[in-house]
Amino acid sequence: MSWSVRAALVFTVIALTAPPALANRESAALRARASAELFDLDHAQAMATFRQAIAADPEDAAAYRGLAAVLWLSITYRRGNMTVDDYLGRVTRTNAPPEAPPPPADTAAAFQDAIDRALALARSQVKTNPRDAEAHYQVGAAVGLRASYVATVEGRALGAFRSAREAYEEHKKVMELDPRRKDAGLTVGTYRYIVSALALPARWLAYMVGFGGGKERGLLLVEDAAAYAGENQTDARFALILLYNREKRYDEALKQLAVLRQQYPRNRLVWLETGATNLRAGRPADAERVLAEGISKFASDDRPRMFGEEALWFYKRGAARAALGRTSEAEQDLRKAVSLEGRKWVHGRAHLELGKIAARAGKHEEARQHFRQATTLGDADNDGAAADEARRLMK
């Protein structure tokens, strides 16, 4: 059942906020502000604002869920697994760093408290009015967030399975009760896409327990959610960036990234993803330009950084410069990347690029050393594609 690790296939696939039908106006306004702060990487401020929303309406399930989402993302931020690269591999592969430290005990406890409260309030609303689409939405969003946490933080894919299935069923129910609620299609569409990418035995098992499949149908549902003026529209845009990258529909991913750069100018990771997407699209000049701009933003930004973020910036720009034939600059960036604290897959890919540069220069022993390191690091951090390429090049 390890497929359900992909319940968190996007930076925030489960909506951080929801329509304010069940909350007062002050709480709804504070939630909207907190979400904007979170998407602009102002995590501490977002946490404080979600707590203000809870104080304004202690019965607002979405406010508790928003607080839980910030706590969850603070853990993934510390682990350095919040980029598209972490989710481009096989659907059955975990994206969690193999040597990830356990979450801080106080953060984990605060997450459980917040998600328990959100779920209790939402279930109470469903019990009071079983045909209330918004109440079902709240239940589905809360259990979906719990599934994402269990899979990505605790590493218990099987433990996440029941919540993932309930999230899917609850949001399917929302769409049946109110077909106008395109926001519920984000969860349903994401899980449909996940199921479509499973190996056949796992896919049949998913069908047997109630999940639907269909890649195109799943993508369409997520696209509809991104076009819908709901409060999870930004979540849907981030989801599409990942799905379009997986499908190699890079122009469409770049359109979504352009919208997000304008909407959240303080989120430097959107610049990083823009450069990375251009690089995958075979446009190294565009990638280098955007990454250089992003590195400038990174250098002047004194807010907390994602684990290994600096190494990732320099690896990406080094890869773009290598593709452009700017060998000296590329080597400088790549050597800096491997000297900085970072994820093993990032260091491995930087060594892979350095090996290619050395091979082209006729430095075959140096190239082999880099390829050996790329193989070891890639295998150690779930990056089989890079490790396999390094093994091939060593021959």
# chains A, B, ... in the order shown; residues from 1 in each chain; ligands from 1

$ select_by_dssp --residues "region 147-214 of chain A" --states "alpha helix (DSSP H)" --output "ChimeraX atom specification"
/A:147-152,157-177,185-196,200-208

$ write_last_selection --atoms "N, CA and C atoms" --output "tab-separated table (two decimals), in the first residue's frame"
chain	number	residue	atom	x	y	z
A	147	ALA	N	-3.93	12.10	6.31
A	147	ALA	CA	-3.29	11.08	5.49
A	147	ALA	C	-1.94	11.55	4.98
A	148	SER	N	-1.88	12.79	4.54
A	148	SER	CA	-0.62	13.34	4.03
A	148	SER	C	0.44	13.37	5.12
A	149	TYR	N	0.04	13.76	6.32
A	149	TYR	CA	0.99	13.83	7.44
A	149	TYR	C	1.51	12.44	7.80
A	150	VAL	N	0.59	11.49	7.94
A	150	VAL	CA	0.99	10.13	8.33
A	150	VAL	C	1.94	9.53	7.30
A	151	ALA	N	1.66	9.76	6.02
A	151	ALA	CA	2.50	9.18	4.96
A	151	ALA	C	3.85	9.85	4.85
A	152	THR	N	3.87	11.18	4.91
A	152	THR	CA	5.12	11.90	4.62
A	152	THR	C	5.98	12.15	5.84
A	157	ALA	N	2.65	4.42	5.30
A	157	ALA	CA	1.77	4.45	4.15
A	157	ALA	C	0.48	3.71	4.40
A	158	LEU	N	0.59	2.54	5.00
A	158	LEU	CA	-0.61	1.75	5.29
A	158	LEU	C	-1.52	2.48	6.26
A	159	GLY	N	-0.92	3.17	7.22
A	159	GLY	CA	-1.70	3.93	8.18
A	159	GLY	C	-2.44	5.10	7.54
A	160	ALA	N	-1.90	5.61	6.43
A	160	ALA	CA	-2.53	6.73	5.74
A	160	ALA	C	-3.67	6.29	4.83
A	161	PHE	N	-3.73	5.00	4.54
A	161	PHE	CA	-4.64	4.52	3.51
A	161	PHE	C	-6.11	4.80	3.84
A	162	ARG	N	-6.50	4.50	5.08
A	162	ARG	CA	-7.91	4.67	5.44
A	162	ARG	C	-8.32	6.14	5.34
A	163	SER	N	-7.48	7.06	5.83
A	163	SER	CA	-7.81	8.49	5.74
A	163	SER	C	-7.86	8.95	4.29
A	164	ALA	N	-6.93	8.46	3.47
A	164	ALA	CA	-6.93	8.84	2.06
A	164	ALA	C	-8.24	8.42	1.39
A	165	ARG	N	-8.68	7.22	1.68
A	165	ARG	CA	-9.92	6.73	1.08
A	165	ARG	C	-11.12	7.55	1.56
A	166	GLU	N	-11.14	7.89	2.85
A	166	GLU	CA	-12.25	8.69	3.37
A	166	GLU	C	-12.25	10.09	2.76
A	167	ALA	N	-11.06	10.69	2.59
A	167	ALA	CA	-10.99	12.01	1.96
A	167	ALA	C	-11.58	11.97	0.56
A	168	TYR	N	-11.21	10.94	-0.18
A	168	TYR	CA	-11.72	10.77	-1.54
A	168	TYR	C	-13.24	10.64	-1.54
A	169	GLU	N	-13.79	9.80	-0.66
A	169	GLU	CA	-15.23	9.57	-0.62
A	169	GLU	C	-15.98	10.83	-0.18
A	170	GLU	N	-15.45	11.53	0.80
A	170	GLU	CA	-16.12	12.74	1.28
A	170	GLU	C	-16.18	13.82	0.21
A	171	HIS	N	-15.12	13.99	-0.54
A	171	HIS	CA	-15.12	15.04	-1.56
A	171	HIS	C	-15.89	14.61	-2.81
A	172	LYS	N	-15.98	13.31	-3.04
A	172	LYS	CA	-16.91	12.84	-4.07
A	172	LYS	C	-18.34	13.18	-3.67
A	173	LYS	N	-18.63	13.01	-2.38
A	173	LYS	CA	-19.96	13.33	-1.86
A	173	LYS	C	-20.27	14.81	-2.02
A	174	VAL	N	-19.27	15.66	-1.79
A	174	VAL	CA	-19.46	17.10	-1.99
A	174	VAL	C	-19.89	17.39	-3.41
A	175	MET	N	-19.22	16.78	-4.38
A	175	MET	CA	-19.53	17.03	-5.79
A	175	MET	C	-20.91	16.50	-6.16
A	176	GLU	N	-21.35	15.43	-5.50
A	176	GLU	CA	-22.70	14.91	-5.76
A	176	GLU	C	-23.76	15.83	-5.17
A	177	LEU	N	-23.50	16.35	-3.95
A	177	LEU	CA	-24.47	17.22	-3.30
A	177	LEU	C	-24.54	18.59	-3.95
A	185	GLY	N	-12.96	18.87	-6.40
A	185	GLY	CA	-12.31	18.10	-7.44
A	185	GLY	C	-10.80	18.02	-7.30
A	186	LEU	N	-10.21	18.91	-6.49
A	186	LEU	CA	-8.76	18.85	-6.30
A	186	LEU	C	-8.35	17.54	-5.64
A	187	THR	N	-9.02	17.18	-4.55
A	187	THR	CA	-8.70	15.93	-3.87
A	187	THR	C	-9.08	14.72	-4.72
A	188	VAL	N	-10.29	14.74	-5.27
A	188	VAL	CA	-10.75	13.60	-6.09
A	188	VAL	C	-9.86	13.42	-7.31
A	189	GLY	N	-9.54	14.51	-7.98
A	189	GLY	CA	-8.71	14.43	-9.18
A	189	GLY	C	-7.30	13.98	-8.88
A	190	THR	N	-6.74	14.46	-7.77
A	190	THR	CA	-5.38	14.05	-7.41
A	190	THR	C	-5.31	12.55	-7.15
A	191	TYR	N	-6.27	12.03	-6.38
A	191	TYR	CA	-6.26	10.60	-6.11
A	191	TYR	C	-6.53	9.77	-7.36
A	192	ARG	N	-7.37	10.26	-8.25
A	192	ARG	CA	-7.58	9.56	-9.53
A	192	ARG	C	-6.27	9.47	-10.30
A	193	TYR	N	-5.54	10.56	-10.33
A	193	TYR	CA	-4.26	10.57	-11.03
A	193	TYR	C	-3.28	9.59	-10.39
A	194	ILE	N	-3.22	9.60	-9.05
A	194	ILE	CA	-2.32	8.69	-8.34
A	194	ILE	C	-2.63	7.24	-8.71
A	195	VAL	N	-3.91	6.89	-8.65
A	195	VAL	CA	-4.31	5.51	-8.93
A	195	VAL	C	-3.94	5.12	-10.36
A	196	SER	N	-4.10	6.04	-11.31
A	196	SER	CA	-3.80	5.73	-12.71
A	196	SER	C	-2.32	5.42	-12.92
A	200	LEU	N	-0.31	-2.42	-12.01
A	200	LEU	CA	-1.63	-3.02	-12.17
A	200	LEU	C	-2.18	-3.68	-10.89
A	201	PRO	N	-1.41	-4.51	-10.17
A	201	PRO	CA	-1.99	-5.13	-8.96
A	201	PRO	C	-2.47	-4.11	-7.94
A	202	ALA	N	-1.66	-3.09	-7.70
A	202	ALA	CA	-2.05	-2.06	-6.73
A	202	ALA	C	-3.23	-1.25	-7.25
A	203	ARG	N	-3.26	-1.03	-8.56
A	203	ARG	CA	-4.37	-0.28	-9.14
A	203	ARG	C	-5.70	-1.01	-8.95
A	204	TRP	N	-5.69	-2.33	-9.18
A	204	TRP	CA	-6.91	-3.11	-8.99
A	204	TRP	C	-7.32	-3.11	-7.53
A	205	LEU	N	-6.37	-3.17	-6.63
A	205	LEU	CA	-6.70	-3.12	-5.21
A	205	LEU	C	-7.34	-1.78	-4.85
A	206	ALA	N	-6.79	-0.70	-5.41
A	206	ALA	CA	-7.37	0.62	-5.17
A	206	ALA	C	-8.81	0.70	-5.68
A	207	TYR	N	-9.05	0.11	-6.87
A	207	TYR	CA	-10.41	0.08	-7.39
A	207	TYR	C	-11.34	-0.70	-6.45
A	208	MET	N	-10.86	-1.80	-5.93
A	208	MET	CA	-11.69	-2.67	-5.10
A	208	MET	C	-12.14	-1.98	-3.82

$ closest_atom_pairs --of "region 283-325 of chain A" --to "region 81-87 of chain A" --cutoff "10 Å" --atoms "only C-alpha atoms" --output "Markdown table"
| residue | atom | partner | partner_atom | distance |
| --- | --- | --- | --- | --- |
| A:Met306 | CA | A:Met82 | CA | 8.2 |
| A:Phe307 | CA | A:Asn81 | CA | 8.2 |
| A:Gly308 | CA | A:Asn81 | CA | 9.3 |
| A:Glu309 | CA | A:Asn81 | CA | 9.8 |
| A:Leu312 | CA | A:Thr83 | CA | 10.0 |

$ write_last_selection --atoms "N, CA and C atoms" --output "PDB file, in the first residue's frame"
ATOM      1  N   MET A 306      14.556  26.614   3.634  1.00  0.00           N
ATOM      2  CA  MET A 306      14.320  25.186   3.559  1.00  0.00           C
ATOM      3  C   MET A 306      15.654  24.450   3.691  1.00  0.00           C
ATOM      4  N   PHE A 307      15.639  23.294   4.326  1.00  0.00           N
ATOM      5  CA  PHE A 307      16.872  22.521   4.453  1.00  0.00           C
ATOM      6  C   PHE A 307      17.469  22.257   3.065  1.00  0.00           C
ATOM      7  N   GLY A 308      18.758  22.566   2.929  1.00  0.00           N
ATOM      8  CA  GLY A 308      19.450  22.303   1.683  1.00  0.00           C
ATOM      9  C   GLY A 308      19.082  23.224   0.536  1.00  0.00           C
ATOM     10  N   GLU A 309      18.390  24.312   0.839  1.00  0.00           N
ATOM     11  CA  GLU A 309      17.881  25.166  -0.239  1.00  0.00           C
ATOM     12  C   GLU A 309      19.006  25.813  -1.048  1.00  0.00           C
ATOM     13  N   LEU A 312      20.535  23.519  -3.493  1.00  0.00           N
ATOM     14  CA  LEU A 312      19.629  23.251  -4.607  1.00  0.00           C
ATOM     15  C   LEU A 312      19.650  24.382  -5.625  1.00  0.00           C
TER      16      LEU A 312
END

$ closest_atom_pairs --of "region 222-320 of chain A" --to "region 31-39 of chain A" --cutoff "9 Å" --atoms "only C-alpha atoms" --output "CSV"
residue,atom,partner,partner_atom,distance
A:Glu231,CA,A:Ala32,CA,7.6
A:Thr234,CA,A:Phe39,CA,8.4
A:Tyr264,CA,A:Phe39,CA,6.7
A:Arg266,CA,A:Phe39,CA,8.6
A:Asn267,CA,A:Phe39,CA,6.7

$ write_last_selection --atoms "N, CA and C atoms" --output "mmCIF file, in the first residue's frame"
data_model
loop_
_atom_site.group_PDB
_atom_site.id
_atom_site.type_symbol
_atom_site.label_atom_id
_atom_site.label_comp_id
_atom_site.auth_asym_id
_atom_site.auth_seq_id
_atom_site.Cartn_x
_atom_site.Cartn_y
_atom_site.Cartn_z
ATOM 1 N N GLU A 231 -11.307 29.105 -2.279
ATOM 2 C CA GLU A 231 -10.155 29.451 -1.461
ATOM 3 C C GLU A 231 -9.019 28.438 -1.561
ATOM 4 N N THR A 234 -5.190 28.342 -5.115
ATOM 5 C CA THR A 234 -3.726 28.321 -5.159
ATOM 6 C C THR A 234 -3.195 26.907 -4.976
ATOM 7 N N TYR A 264 2.432 35.795 -5.480
ATOM 8 C CA TYR A 264 3.214 35.616 -4.258
ATOM 9 C C TYR A 264 4.670 35.983 -4.521
ATOM 10 N N ARG A 266 6.988 37.123 -2.780
ATOM 11 C CA ARG A 266 7.976 36.826 -1.736
ATOM 12 C C ARG A 266 8.300 35.346 -1.652
ATOM 13 N N ASN A 267 7.602 34.539 -2.411
ATOM 14 C CA ASN A 267 7.869 33.095 -2.378
ATOM 15 C C ASN A 267 8.983 32.765 -3.372
#

$ closest_residue --among "A:Ile357, A:Ala253, A:Ala44, A:Ala29" --to "Pro304 (chain A)" --atoms "only C-alpha atoms"
A:Ala44

$ residues_around --residues "Leu279 (chain A)" --least-positions-apart "5" --cutoff "12 Å" --atoms "only C-alpha atoms" --output "ChimeraX atom specification"
/A:85,245,248,250-251,254,272-274,284-291,315-324
